[in-house]
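One structure is given below, encoded as structure tokens.
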Amino acid sequence: MSRPRHNETHLVDRIGWLRAAVLGANDGIISTASLIVGVAAAAAKQNDVLIAGVAGLVAGAMSMAAGEYVSVSSQSDTERADIARERSELRSNPDGELGELAEIYVRRGLDADLALRVASQLMKKDALGAHARDELGISEMTTARPVQAAVTSALTFSVGAAMPLLMVVVSPSNMLVPVTSAASLGFLAFLGAVGAKAGGANILRATIRVTFWGALALGITAGIGKLSGAIL
């Protein structure tokens, strides 16, 4: 009699796209809102502020996509190199690799005989997969996906950046800085809560963390913009 399958959804399954999504949206809000507030604080016209914000959105989205693609591609290259070396070692020294895998299971709590039997059975089914997973720590869930990371970051950056840009359109020119700042901090708080909920983290801690750093960035750029406007 076969046992019913027990399907579970783990939060770690989301780590690849969640990290890129949260990073992209968070960076989109902070960088674009800071740019808008800094330019507006320098007494620029509302149309000039909007143009600067749009330019920041486009440049930021492209930068995020390129940065994510390059960094995750480097991780992917490292993973492929490690797997290639492991494949070569399995061909040249299968007994040594069997002992190495068994030793890993011994360190995890199995007795030596059982560890050797488990390692032997796993290597008969998929030797490379067993070593990639248990020796190298590479699995389907954690495998680097450069294109996915790049596209996710670019899209979420654009969505995040569009929020403070919308404030420029709807705000009175004399209230642009406070309205954009307050709305952006609200967006950041919401993003922090959503990201924490999706990742199973503490919602209050994540919300405070992202809001604090956003407020700091806005305050610094507003101060620099005000100083630059006074000097120029």
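Each chain in the structure tokens gets a letter, A, B and so on, in the order shown; residues start at 1 in every chain, and ligands are counted from 1 in the order they appear.
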Write out as a ChimeraX atom specification the set of residues from region 3-232 of chain A that DSSP, computed on the backbone, places in alpha helix (DSSP H).
/A:15-41,46-92,94-107,112-134,146-170,176-199,203-231
With region 162-183 of chain A as the partner and 9 Å as the cut-off, tabulate the residues of region 28-94 of chain A that qualify, each row holding the nearest pair of atoms and their distance in Å to one decimal, using only C-alpha atoms, sorted by chain and rising number, as JSON lines.
{"residue": "A:Gly28", "atom": "CA", "partner": "A:Ala162", "partner_atom": "CA", "distance": 8.0}
{"residue": "A:Ile29", "atom": "CA", "partner": "A:Pro164", "partner_atom": "CA", "distance": 6.6}
{"residue": "A:Ile30", "atom": "CA", "partner": "A:Pro164", "partner_atom": "CA", "distance": 8.9}
{"residue": "A:Thr32", "atom": "CA", "partner": "A:Pro164", "partner_atom": "CA", "distance": 6.8}
{"residue": "A:Ala33", "atom": "CA", "partner": "A:Pro164", "partner_atom": "CA", "distance": 5.4}
{"residue": "A:Ser34", "atom": "CA", "partner": "A:Ser181", "partner_atom": "CA", "distance": 8.2}
{"residue": "A:Ile36", "atom": "CA", "partner": "A:Pro164", "partner_atom": "CA", "distance": 7.9}
{"residue": "A:Val37", "atom": "CA", "partner": "A:Val177", "partner_atom": "CA", "distance": 5.4}
{"residue": "A:Gly38", "atom": "CA", "partner": "A:Val177", "partner_atom": "CA", "distance": 8.5}
{"residue": "A:Ala40", "atom": "CA", "partner": "A:Val177", "partner_atom": "CA", "distance": 6.5}
{"residue": "A:Ala41", "atom": "CA", "partner": "A:Val177", "partner_atom": "CA", "distance": 6.9}
{"residue": "A:Lys45", "atom": "CA", "partner": "A:Ser173", "partner_atom": "CA", "distance": 7.9}
{"residue": "A:Gln46", "atom": "CA", "partner": "A:Ser173", "partner_atom": "CA", "distance": 6.1}
{"residue": "A:Asn47", "atom": "CA", "partner": "A:Val168", "partner_atom": "CA", "distance": 8.9}
{"residue": "A:Val49", "atom": "CA", "partner": "A:Val168", "partner_atom": "CA", "distance": 7.7}
{"residue": "A:Leu50", "atom": "CA", "partner": "A:Val168", "partner_atom": "CA", "distance": 6.4}
{"residue": "A:Gly53", "atom": "CA", "partner": "A:Leu165", "partner_atom": "CA", "distance": 6.3}
{"residue": "A:Val54", "atom": "CA", "partner": "A:Leu165", "partner_atom": "CA", "distance": 7.4}
{"residue": "A:Leu57", "atom": "CA", "partner": "A:Ala162", "partner_atom": "CA", "distance": 7.5}
Which residue gives the smallest distance to Ala193 (chain A) among A:Thr221, A:Ala127, A:Gly99, A:Val22, with only C-alpha atoms counted?
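With only C-alpha atoms as the atom set, the closest residue is A:Val22.
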So, counting only C-alpha atoms, which residue among A:Arg91, A:Arg145, A:Lys226, A:Lys197 is closest to Val70 (chain A)?
A:Arg145
Shortest interatomic distance to Ser184 (chain A) - which of A:Asp48, A:Trp213, A:Pro146, A:Ala119, counting only C-alpha atoms:
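Among A:Asp48, A:Trp213, A:Pro146, A:Ala119, it is A:Trp213 that comes nearest to Ser184 (chain A).
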Calculated over only C-alpha atoms, which of the candidates A:Ala150, A:Ala61, A:Gln121, A:Asn26 has the smallest distance to Leu185 (chain A)?
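Among A:Ala150, A:Ala61, A:Gln121, A:Asn26, it is A:Asn26 that comes nearest to Leu185 (chain A).
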